[in-house]
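Participant: Handing over final-v2.cif, mmCIF, C-alpha atoms and all ligand atoms.
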```cif
data_upload
loop_
_atom_site.label_atom_id
_atom_site.label_comp_id
_atom_site.auth_asym_id
_atom_site.auth_seq_id
_atom_site.Cartn_x
_atom_site.Cartn_y
_atom_site.Cartn_z
CA MET A 1 36.07 5.33 -13.12
CA PRO A 2 39.24 3.50 -12.11
CA ALA A 3 40.94 3.43 -8.73
CA THR A 4 44.58 4.41 -8.19
CA VAL A 5 46.80 2.54 -5.74
CA ILE A 6 49.76 4.06 -3.92
CA VAL A 7 52.35 1.57 -2.71
CA GLY A 8 55.69 1.82 -0.97
CA CYS A 9 58.51 0.23 -3.00
CA GLN A 10 60.91 -0.44 -0.11
CA TRP A 11 60.44 -1.16 3.62
CA GLY A 12 57.97 1.64 4.32
CA ASP A 13 58.51 5.30 5.21
CA GLU A 14 58.97 6.24 1.55
CA GLY A 15 56.89 9.40 1.95
CA LYS A 16 53.53 7.98 0.84
CA GLY A 17 51.57 10.33 3.11
CA LYS A 18 52.96 13.39 1.36
CA ILE A 19 52.16 12.00 -2.09
CA VAL A 20 48.69 10.87 -1.04
CA ASP A 21 48.09 14.37 0.26
CA TYR A 22 49.35 15.87 -3.01
CA LEU A 23 47.20 13.57 -5.19
CA SER A 24 44.16 13.99 -2.94
CA GLY A 25 43.48 17.31 -4.65
CA ARG A 26 42.39 15.27 -7.70
CA MET A 27 40.48 12.59 -5.79
CA ASP A 28 37.05 12.18 -4.22
CA TRP A 29 37.95 9.33 -1.85
CA VAL A 30 41.07 8.10 -0.09
CA ALA A 31 40.82 4.56 1.25
CA ARG A 32 43.24 2.75 3.52
CA TYR A 33 43.38 -0.99 2.81
CA SER A 34 45.70 -2.72 5.28
CA GLY A 35 47.86 -2.47 8.38
CA GLY A 36 46.98 -0.60 11.53
CA PRO A 37 48.49 1.96 13.87
CA ASN A 38 51.95 0.59 13.04
CA ALA A 39 51.97 2.93 10.04
CA GLY A 40 52.68 6.61 10.46
CA HIS A 41 52.22 9.36 7.91
CA THR A 42 53.76 12.74 8.59
CA VAL A 43 52.28 15.57 6.56
CA LYS A 44 53.34 19.23 6.84
CA LEU A 45 50.47 21.51 5.90
CA GLY A 46 50.37 25.30 6.24
CA GLY A 47 53.22 25.26 8.77
CA GLU A 48 51.52 22.57 10.86
CA ILE A 49 52.74 19.00 11.24
CA PHE A 50 50.18 16.19 11.30
CA VAL A 51 51.20 12.63 12.19
CA LEU A 52 48.45 10.20 11.28
CA HIS A 53 48.46 6.49 12.03
CA LEU A 54 45.02 5.27 11.02
CA ILE A 55 43.05 7.97 9.27
CA PRO A 56 44.22 8.46 5.67
CA SER A 57 46.14 11.69 5.17
CA GLY A 58 43.54 12.69 2.54
CA ILE A 59 41.46 13.92 5.50
CA LEU A 60 43.58 17.08 5.50
CA ARG A 61 42.05 18.12 2.14
CA PRO A 62 38.57 19.61 2.39
CA GLY A 63 35.87 17.69 0.59
CA ILE A 64 37.72 14.36 0.50
CA ARG A 65 35.97 11.39 2.04
CA CYS A 66 38.06 8.69 3.68
CA VAL A 67 37.53 4.99 4.18
CA ILE A 68 39.23 2.62 6.60
CA GLY A 69 38.65 -0.71 4.89
CA ASN A 70 38.03 -4.26 6.04
CA GLY A 71 41.72 -5.15 5.58
CA VAL A 72 42.81 -2.77 8.35
CA VAL A 73 43.21 -3.77 12.02
CA LEU A 74 41.78 -1.07 14.24
CA ASP A 75 42.93 0.13 17.64
CA ILE A 76 39.81 2.12 18.40
CA ASP A 77 41.29 4.01 21.35
CA HIS A 78 43.99 5.20 19.03
CA LEU A 79 41.42 6.05 16.38
CA LEU A 80 39.40 8.06 18.87
CA GLU A 81 42.48 10.05 19.89
CA GLU A 82 43.27 10.77 16.25
CA ILE A 83 39.70 11.92 15.58
CA ASN A 84 39.69 14.19 18.64
CA SER A 85 43.05 15.69 17.81
CA LEU A 86 42.05 16.41 14.19
CA GLU A 87 38.72 17.93 15.26
CA LYS A 88 40.52 20.11 17.83
CA ARG A 89 42.79 21.43 15.10
CA GLY A 90 39.83 22.30 12.91
CA VAL A 91 39.87 19.28 10.60
CA GLY A 92 36.30 17.95 10.37
CA VAL A 93 36.19 14.16 10.62
CA LEU A 94 32.55 13.32 11.33
CA GLY A 95 30.66 12.65 8.10
CA ARG A 96 33.92 12.32 6.18
CA VAL A 97 35.44 9.14 7.58
CA PHE A 98 33.76 5.78 7.02
CA LEU A 99 34.83 2.64 8.87
CA SER A 100 34.30 -0.90 7.68
CA GLY A 101 32.31 -2.86 10.26
CA ALA A 102 34.35 -5.88 9.15
CA ALA A 103 37.68 -4.39 10.25
CA HIS A 104 39.24 -6.47 13.02
CA ILE A 105 39.92 -4.92 16.41
CA ILE A 106 43.24 -4.79 18.24
CA PHE A 107 42.62 -5.40 21.94
CA PRO A 108 45.14 -4.88 24.75
CA TYR A 109 45.65 -8.66 24.90
CA HIS A 110 47.13 -8.55 21.41
CA ARG A 111 49.96 -6.44 22.79
CA TRP A 112 50.35 -8.88 25.71
CA VAL A 113 50.66 -11.79 23.27
CA GLU A 114 53.12 -9.89 21.08
CA GLU A 115 55.37 -9.40 24.07
CA LEU A 116 54.82 -12.92 25.39
CA GLN A 117 55.89 -14.45 22.08
CA ARG A 118 58.77 -11.98 21.84
CA GLN A 119 57.66 -10.89 18.38
CA ASP A 120 58.83 -7.40 19.28
CA VAL A 121 62.35 -8.65 19.93
CA ARG A 122 62.57 -11.22 17.12
CA VAL A 123 61.15 -9.07 14.36
CA GLY A 124 61.55 -5.62 15.87
CA THR A 125 57.84 -4.84 15.63
CA THR A 126 56.16 -1.55 16.51
CA ARG A 127 54.60 -3.22 19.64
CA ARG A 128 51.11 -2.22 18.55
CA GLY A 129 49.63 -5.73 18.64
CA ILE A 130 49.47 -5.94 14.85
CA GLY A 131 50.78 -9.52 14.42
CA PRO A 132 48.56 -11.13 17.07
CA ALA A 133 45.49 -9.26 15.76
CA TYR A 134 46.09 -10.63 12.26
CA GLN A 135 46.88 -14.06 13.76
CA ASP A 136 43.41 -14.04 15.34
CA LYS A 137 41.83 -12.85 12.10
CA MET A 138 43.43 -15.68 10.10
CA GLY A 139 42.68 -18.19 12.86
CA ARG A 140 39.01 -17.08 12.68
CA ASN A 141 39.03 -15.93 16.28
CA GLY A 142 39.11 -12.19 15.64
CA ILE A 143 36.52 -9.73 16.88
CA ARG A 144 35.27 -7.24 14.29
CA LEU A 145 34.14 -3.66 14.74
CA LEU A 146 30.43 -4.44 14.28
CA GLU A 147 30.56 -6.93 17.15
CA LEU A 148 31.43 -4.13 19.57
CA LEU A 149 28.01 -2.55 19.18
CA ASP A 150 26.29 -5.23 21.28
CA ARG A 151 27.76 -5.12 24.77
CA ARG A 152 26.47 -8.52 25.89
CA TRP A 153 27.73 -10.21 22.77
CA LEU A 154 31.11 -8.48 23.14
CA ARG A 155 31.38 -9.58 26.77
CA GLU A 156 30.85 -13.20 25.70
CA ARG A 157 33.34 -12.95 22.84
CA LEU A 158 35.94 -11.35 25.10
CA ASP A 159 35.44 -14.03 27.70
CA GLY A 160 36.20 -16.73 25.11
CA GLU A 161 39.23 -14.92 23.71
CA LEU A 162 40.60 -14.09 27.16
CA ALA A 163 40.33 -17.78 28.09
CA ARG A 164 42.65 -18.59 25.18
CA VAL A 165 45.02 -15.78 26.17
CA GLU A 166 45.01 -17.09 29.74
CA THR A 167 45.97 -20.58 28.54
CA LEU A 168 48.79 -19.09 26.51
CA HIS A 169 50.12 -17.19 29.53
CA ALA A 170 49.99 -20.39 31.60
CA ALA A 171 51.93 -22.23 28.88
CA TYR A 172 54.62 -19.55 29.01
CA GLY A 173 54.56 -19.64 32.83
CA ARG A 174 53.68 -15.96 33.01
CA PRO A 175 50.81 -14.27 34.89
CA MET A 176 48.17 -12.31 32.96
CA PRO A 177 48.75 -8.52 33.34
CA GLN A 178 45.07 -8.28 34.31
CA SER A 179 42.66 -11.02 35.41
CA ARG A 180 40.33 -12.49 32.81
CA GLN A 181 37.23 -11.40 34.76
CA GLU A 182 38.43 -7.85 35.29
CA ALA A 183 39.52 -7.45 31.67
CA ARG A 184 36.25 -8.88 30.38
CA GLU A 185 34.14 -6.49 32.48
CA THR A 186 36.13 -3.28 31.96
CA TRP A 187 36.81 -3.87 28.28
CA SER A 188 33.28 -4.87 27.32
CA ARG A 189 32.06 -1.61 28.90
CA HIS A 190 34.85 0.53 27.49
CA PHE A 191 35.01 -0.82 23.94
CA SER A 192 31.25 -0.90 23.46
CA SER A 193 30.97 2.73 24.53
CA VAL A 194 33.78 3.81 22.16
CA ALA A 195 32.05 1.82 19.39
CA ALA A 196 28.75 3.57 20.17
CA PHE A 197 30.51 6.90 19.59
CA LEU A 198 31.95 5.58 16.31
CA GLU A 199 28.67 4.01 15.15
CA PRO A 200 27.67 6.90 12.83
CA MET A 201 30.95 6.33 10.96
CA ILE A 202 30.48 2.57 10.50
CA ALA A 203 29.38 1.76 6.99
CA ASP A 204 29.27 -0.91 4.32
CA THR A 205 32.44 0.51 2.84
CA VAL A 206 32.60 -2.03 -0.01
CA THR A 207 29.24 -0.83 -1.39
CA LEU A 208 30.18 2.78 -0.66
CA LEU A 209 33.32 2.54 -2.81
CA GLN A 210 31.73 0.44 -5.53
CA ASP A 211 28.86 2.95 -5.84
CA ALA A 212 31.35 5.83 -5.89
CA LEU A 213 33.26 4.18 -8.76
CA ASP A 214 29.98 3.57 -10.60
CA ARG A 215 29.21 7.30 -10.32
CA GLY A 216 32.57 8.09 -11.88
CA GLU A 217 34.22 9.30 -8.67
CA ARG A 218 37.95 8.90 -8.16
CA VAL A 219 39.32 6.65 -5.44
CA LEU A 220 42.88 6.64 -4.16
CA CYS A 221 43.83 3.43 -2.34
CA GLU A 222 46.46 4.12 0.26
CA GLY A 223 48.83 1.29 1.14
CA SER A 224 50.71 1.12 4.38
CA GLN A 225 54.37 0.18 4.93
CA GLY A 226 56.23 -1.02 1.83
CA THR A 227 56.49 -3.95 -0.59
CA PHE A 228 59.23 -5.77 1.34
CA LEU A 229 57.19 -5.81 4.55
CA ASP A 230 54.39 -7.72 2.78
CA ILE A 231 53.44 -10.94 4.56
CA ASP A 232 53.70 -12.95 1.32
CA LEU A 233 56.15 -11.06 -0.86
CA GLY A 234 58.38 -9.41 1.73
CA THR A 235 61.56 -10.46 3.53
CA TYR A 236 59.73 -13.05 5.66
CA PRO A 237 59.76 -13.46 8.65
CA PHE A 238 60.95 -9.86 9.03
CA VAL A 239 57.70 -8.45 7.70
CA THR A 240 54.43 -7.09 8.99
CA SER A 241 51.43 -9.41 9.15
CA ALA A 242 49.37 -7.96 6.31
CA PRO A 243 49.52 -7.49 2.56
CA THR A 244 51.26 -4.20 1.81
CA THR A 245 51.44 -4.67 -1.97
CA ALA A 246 48.90 -3.49 -4.55
CA GLY A 247 46.94 -6.79 -4.49
CA GLY A 248 45.94 -6.00 -0.91
CA ALA A 249 43.93 -3.03 -2.14
CA ALA A 250 41.48 -5.41 -3.82
CA THR A 251 40.84 -7.69 -0.84
CA GLY A 252 41.28 -4.97 1.79
CA LEU A 253 38.61 -2.74 0.25
CA GLY A 254 36.42 -5.11 -1.76
CA LEU A 255 37.47 -3.78 -5.17
CA ALA A 256 38.00 -6.06 -8.16
CA PRO A 257 41.58 -6.26 -9.49
CA ARG A 258 40.49 -4.82 -12.84
CA GLN A 259 39.19 -1.71 -11.05
CA LEU A 260 42.73 -0.93 -9.86
CA THR A 261 43.90 0.52 -13.11
CA LYS A 262 46.74 2.70 -11.95
CA VAL A 263 49.52 1.83 -9.50
CA ILE A 264 52.00 4.47 -8.38
CA GLY A 265 55.09 3.36 -6.47
CA ILE A 266 56.81 5.61 -3.97
CA ALA A 267 60.53 5.11 -3.34
CA LYS A 268 63.14 7.08 -1.48
CA ALA A 269 66.29 8.01 -3.38
CA TYR A 270 68.05 5.86 -0.80
CA THR A 271 66.85 2.97 1.39
CA THR A 272 65.67 2.83 4.99
CA ARG A 273 64.37 0.08 7.19
CA VAL A 274 63.07 -0.08 10.78
CA GLY A 275 63.30 -3.35 12.66
CA ASN A 276 65.27 -6.50 11.95
CA GLY A 277 65.96 -8.36 8.71
CA PRO A 278 68.22 -8.22 5.68
CA MET A 279 69.16 -4.93 4.03
CA PRO A 280 71.83 -5.46 1.36
CA THR A 281 72.82 -1.82 0.82
CA GLU A 282 72.98 -0.78 4.49
CA PHE A 283 75.54 1.90 5.37
CA ALA A 284 78.41 1.18 7.74
CA PRO A 285 77.59 2.44 11.28
CA ALA A 286 79.54 5.74 11.14
CA LEU A 287 77.97 6.88 7.87
CA ALA A 288 74.54 5.61 8.96
CA ASP A 289 74.72 7.69 12.11
CA ARG A 290 75.68 10.91 10.36
CA PHE A 291 73.23 10.37 7.51
CA ARG A 292 70.33 9.50 9.82
CA ARG A 293 70.70 12.73 11.77
CA GLN A 294 71.05 14.82 8.63
CA ALA A 295 68.04 13.17 6.99
CA GLY A 296 65.89 13.01 10.15
CA GLU A 297 65.43 9.25 9.72
CA PHE A 298 63.60 8.32 12.91
CA GLY A 299 60.35 6.31 12.95
CA ALA A 300 57.10 8.33 12.91
CA THR A 301 55.38 5.69 15.07
CA THR A 302 58.06 4.55 17.50
CA GLY A 303 60.77 7.21 17.16
CA ARG A 304 63.27 4.38 16.56
CA PRO A 305 66.36 5.22 14.49
CA ARG A 306 65.88 3.93 10.96
CA ARG A 307 68.59 1.85 9.33
CA CYS A 308 69.85 3.70 6.24
CA GLY A 309 71.56 2.60 3.02
CA TRP A 310 72.05 3.26 -0.68
CA LEU A 311 69.31 3.02 -3.27
CA ASP A 312 68.73 -0.63 -4.19
CA LEU A 313 67.49 -1.04 -7.76
CA VAL A 314 67.23 -4.82 -7.43
CA LEU A 315 64.51 -4.26 -4.84
CA LEU A 316 62.92 -1.46 -6.78
CA ARG A 317 62.68 -3.50 -9.97
CA HIS A 318 61.04 -6.36 -8.09
CA ALA A 319 58.58 -3.92 -6.47
CA VAL A 320 57.69 -2.54 -9.90
CA ARG A 321 56.97 -6.05 -11.17
CA VAL A 322 54.95 -7.47 -8.29
CA ASN A 323 52.81 -4.35 -7.86
CA GLY A 324 52.40 -3.55 -11.56
CA ILE A 325 53.77 -0.06 -10.95
CA GLN A 326 53.39 2.31 -13.90
CA GLU A 327 54.92 5.42 -12.33
CA VAL A 328 57.59 5.76 -9.67
CA CYS A 329 57.77 8.83 -7.50
CA LEU A 330 61.27 9.28 -6.08
CA THR A 331 61.30 11.18 -2.79
CA LYS A 332 63.96 12.79 -0.61
CA LEU A 333 66.48 13.28 -3.40
CA ASP A 334 67.50 16.55 -1.75
CA VAL A 335 68.80 14.64 1.28
CA LEU A 336 71.63 13.30 -0.87
CA ARG A 337 72.96 16.80 -1.50
CA GLY A 338 76.54 16.97 -0.28
CA PHE A 339 77.58 13.49 -1.39
CA ARG A 340 80.33 13.72 -4.01
CA SER A 341 79.28 10.42 -5.52
CA LEU A 342 76.41 8.06 -4.90
CA LYS A 343 76.30 4.29 -4.91
CA ILE A 344 73.36 2.42 -6.38
CA ALA A 345 72.92 -1.37 -6.22
CA THR A 346 72.12 -2.90 -9.60
CA ALA A 347 72.78 -6.58 -8.85
CA TYR A 348 73.60 -8.87 -5.93
CA ARG A 349 76.55 -11.19 -5.72
CA ARG A 350 76.34 -14.22 -3.47
CA GLY A 351 78.97 -13.73 -0.73
P1 LIG A 401 54.57 -4.76 13.06
O1 LIG A 401 53.86 -4.30 11.83
O2 LIG A 401 54.46 -3.82 14.21
O3 LIG A 401 54.20 -6.17 13.42
O4 LIG A 401 56.15 -4.81 12.72
C1 LIG A 401 56.69 -5.74 11.77
C2 LIG A 401 57.84 -5.10 11.01
O5 LIG A 401 57.35 -4.07 10.16
C3 LIG A 401 58.90 -4.43 11.89
O6 LIG A 401 60.16 -4.59 11.26
C4 LIG A 401 58.50 -2.97 11.88
O7 LIG A 401 59.58 -2.10 12.14
C5 LIG A 401 58.01 -2.83 10.45
N1 LIG A 401 57.01 -1.75 10.27
C6 LIG A 401 55.71 -1.77 10.61
N2 LIG A 401 55.12 -0.61 10.27
C7 LIG A 401 56.07 0.15 9.68
C8 LIG A 401 56.05 1.45 9.08
O8 LIG A 401 55.05 2.15 9.00
N3 LIG A 401 57.24 1.87 8.58
C9 LIG A 401 58.37 1.12 8.61
N4 LIG A 401 58.43 -0.09 9.15
C10 LIG A 401 57.28 -0.58 9.68
#
```
For this file, produce the structure as structure tokens.
Ligand code: IMP

Facilitator:
Amino acid sequence: MPATVIVGCQWGDEGKGKIVDYLSGRMDWVARYSGGPNAGHTVKLGGEIFVLHLIPSGILRPGIRCVIGNGVVLDIDHLLEEINSLEKRGVGVLGRVFLSGAAHIIFPYHRWVEELQRQDVRVGTTRRGIGPAYQDKMGRNGIRLLELLDRRWLRERLDGELARVETLHAAYGRPMPQSRQEARETWSRHFSSVAAFLEPMIADTVTLLQDALDRGERVLCEGSQGTFLDIDLGTYPFVTSAPTTAGGAATGLGLAPRQLTKVIGIAKAYTTRVGNGPMPTEFAPALADRFRRQAGEFGATTGRPRRCGWLDLVLLRHAVRVNGIQEVCLTKLDVLRGFRSLKIATAYRRG
């Protein structure tokens, strides 16, 4: 049985959560393949509003099992909060969410480094430590979820990583927010006890999904952010640090490209962007302000005002090509009610 991939066609916030929730009714599994708590899905269900950052929104449908794959970077404190809040509201998580032991962990020092290197100011990041966590992963210094289960091992790993972070602070002439020794001791205790709580959810998610596909079960692969925030194919350097395009579903979950037989692209009927970087169809400030308030365009993760603009078909066409999108789901068309005429970009002219 094939797997279906959901991707954002713009700069994220296209309404993927809603569509994943809608399609979940026909799925057995929903699997998240990249990103971290920088993403935010808002789903309204039965009069209640759920904002999820890590757990796939498929969790809100009874019977669906969810996977957080190896391509995701995990803030496990955040994950724990999300689990507790869902359980409190009657959404069962235990036994339905499976975490890849190979997922890399975001530690507090990743947020320190993000601030130290001013990535938040340069790129306009979500300040969740995403970039530095992926930097460590690619630099082969990252600490993975499975490593948290052995406290002594974790303490040693943290000591080594904190030494590097200490050197970096010294190079920037800035003090560490917490001493290396104190951080090593408190974090090795704290993170290993959170991991012990999560242990029943840790699984070989690659085999889990491959076996599910062999049994003929249906898997929905949930992307985070949008095509133009992809580390390779996006508007670099104003991107996130992970693959957000359909190809990431293969490496981020351990599925073969030929198993991803359907790709659905989600696009807003207009364009939004949070953070810095080019946006060719951006509204002038007065219109942007009015439109943003009317459309409720504020970030689900940071509450930041989103930049707003007209629908850009140049972008959309490129997104369709690089993701292999077969169906496009256009969201938020109703927000454009009230405009006498709409503008749509069909080509760029060099200024
Ligand atoms: P980071 O992922 O926090 O490193 O941020 C990098 C860039 O991606 C910034 O421009 C963020 O505003 C943007 N970004 C990250 N996650 C999202 C999202 O879920 N929606 C929209 N923009 C995002």

Participant: As a quick test: using all atoms listed in the file, which residues lie no more than 9 Å away from ligand LIG 401 (chain A)? Give them as JSON, numbers by chain.

Facilitator: {"A": [11, 12, 13, 14, 35, 36, 37, 38, 39, 40, 41, 53, 114, 119, 120, 123, 124, 125, 126, 127, 128, 129, 130, 131, 132, 224, 225, 226, 229, 230, 237, 238, 239, 240, 241, 242, 272, 273, 274, 275, 276, 277, 299, 300, 301, 302, 304, 306]}

Participant: Given the choices A:Leu158, A:Val328, A:Ala319, A:Val30, which gets closest to A:Thr186 if the distance is worked out from all atoms listed in the file?

Facilitator: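 Answer, going by the shortest atom-to-atom distance: A:Leu158.
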
Participant: Could you please determine the separation between atom CA of A:Glu182 and atom CA of A:Ala163 in Å, to one decimal place?

Facilitator: 12.4 Å

Participant: Select, from A:Leu23, A:Ala3, A:Ile59, A:Ala249, the residue with the minimum atom-to-atom distance to A:Val72, counting only C-alpha atoms.

Facilitator: A:Ala249

Participant: What does the distance from atom CA of A:Thr167 to atom CA of A:Val121 come to in Å, to one decimal?

Facilitator: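 About the pair atom CA of A:Thr167 and atom CA of A:Val121: they are 22.0 Å apart.
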
Participant: Identify, on the basis of all atoms listed in the file, every residue whose closest approach to A:Lys44 does not exceed 12 Å; exclude the query and any residue fewer than 2 positions from it along the same chain; express the result as a list in words.

Facilitator: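 Here the answer would be Gly15, Gly17, Lys18, Ile19, Asp21, Tyr22, His41, Thr42, Gly46, Gly47, Glu48, Ile49, Phe50, Val51, Leu52, Ser57 and Leu60 of chain A.
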
Participant: Leaving out stretch 264-268 of chain A and any residue of its chain fewer than 2 positions from it, which residues lie within 6 Å of it when counting only C-alpha atoms, given as JSON, numbers by chain?

Facilitator: {"A": [6, 7, 8, 9, 14, 270, 325, 327, 328, 329, 330, 331, 332]}

Participant: Grab the atom CA of A:Met201 to atom CA of A:Ser188 distance for me, in Å with one decimal place.

Facilitator: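 So the answer is 20.0 Å.
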
Participant: I want to know what sits within 10 Å of A:Leu94, based on only C-alpha atoms, with residues of the same chain fewer than 2 positions away left out; could you give that as a PyMOL selection string?

Facilitator: chain A and resi 83+87+91-92+96-98+198+200-201

Participant: Need to verify the contact set: A:Leu233, 10 Å, all atoms listed in the file, exclusion of same-chain residues closer than 5 positions in sequence. Can you return it as a PyMOL selection string?

Facilitator: chain A and resi 227-228+239+243-245+318-319+322

Participant: Rank nothing, just name the residue among A:Ala102, A:Ala195, A:Val113, A:Leu146 nearest to A:Ala171, using all atoms listed in the file.

Facilitator: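 Result for the nearest residue to A:Ala171: A:Val113.
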
Participant: Reconstruct stretch 103-118 of chain A at the level of N, CA, C and O atoms, and format the result as a short mmCIF file (atom, residue, chain, number, x, y, z; two decimals), in the frame of the given file.

Facilitator:
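Resulting contents of result-v7.cif:
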```
data_model
loop_
_atom_site.label_atom_id
_atom_site.label_comp_id
_atom_site.auth_asym_id
_atom_site.auth_seq_id
_atom_site.Cartn_x
_atom_site.Cartn_y
_atom_site.Cartn_z
N ALA A 103 36.28 -4.54 9.83
CA ALA A 103 37.68 -4.39 10.25
C ALA A 103 37.87 -5.06 11.61
O ALA A 103 37.01 -4.93 12.50
N HIS A 104 38.97 -5.76 11.75
CA HIS A 104 39.24 -6.47 13.02
C HIS A 104 39.82 -5.50 14.05
O HIS A 104 40.51 -4.54 13.70
N ILE A 105 39.52 -5.81 15.31
CA ILE A 105 39.92 -4.92 16.41
C ILE A 105 41.18 -5.42 17.09
O ILE A 105 41.34 -6.61 17.34
N ILE A 106 42.07 -4.47 17.41
CA ILE A 106 43.24 -4.79 18.24
C ILE A 106 42.84 -4.52 19.69
O ILE A 106 42.44 -3.41 20.03
N PHE A 107 42.91 -5.55 20.51
CA PHE A 107 42.62 -5.40 21.94
C PHE A 107 43.93 -5.37 22.72
O PHE A 107 44.97 -5.81 22.19
N PRO A 108 43.90 -4.90 23.96
CA PRO A 108 45.14 -4.88 24.75
C PRO A 108 45.82 -6.25 24.83
O PRO A 108 47.04 -6.34 24.88
N TYR A 109 45.01 -7.34 24.79
CA TYR A 109 45.65 -8.66 24.90
C TYR A 109 46.51 -8.99 23.68
O TYR A 109 47.39 -9.85 23.75
N HIS A 110 46.27 -8.31 22.57
CA HIS A 110 47.13 -8.55 21.41
C HIS A 110 48.55 -8.04 21.69
O HIS A 110 49.54 -8.63 21.26
N ARG A 111 48.62 -6.94 22.42
CA ARG A 111 49.96 -6.44 22.79
C ARG A 111 50.60 -7.37 23.82
O ARG A 111 51.81 -7.59 23.80
N TRP A 112 49.79 -7.92 24.73
CA TRP A 112 50.35 -8.88 25.71
C TRP A 112 50.96 -10.06 24.97
O TRP A 112 52.07 -10.51 25.28
N VAL A 113 50.20 -10.60 23.99
CA VAL A 113 50.66 -11.79 23.27
C VAL A 113 51.92 -11.47 22.45
O VAL A 113 52.85 -12.28 22.39
N GLU A 114 51.95 -10.30 21.87
CA GLU A 114 53.12 -9.89 21.08
C GLU A 114 54.38 -9.93 21.94
O GLU A 114 55.43 -10.42 21.54
N GLU A 115 54.23 -9.45 23.16
CA GLU A 115 55.37 -9.40 24.07
C GLU A 115 55.72 -10.81 24.59
O GLU A 115 56.89 -11.20 24.64
N LEU A 116 54.65 -11.56 24.89
CA LEU A 116 54.82 -12.92 25.39
C LEU A 116 55.59 -13.78 24.38
O LEU A 116 56.50 -14.54 24.73
N GLN A 117 55.24 -13.64 23.12
CA GLN A 117 55.89 -14.45 22.08
C GLN A 117 57.17 -13.81 21.57
O GLN A 117 57.76 -14.30 20.60
N ARG A 118 57.54 -12.71 22.18
CA ARG A 118 58.77 -11.98 21.84
C ARG A 118 58.85 -11.58 20.37
O ARG A 118 59.92 -11.50 19.78
#
```
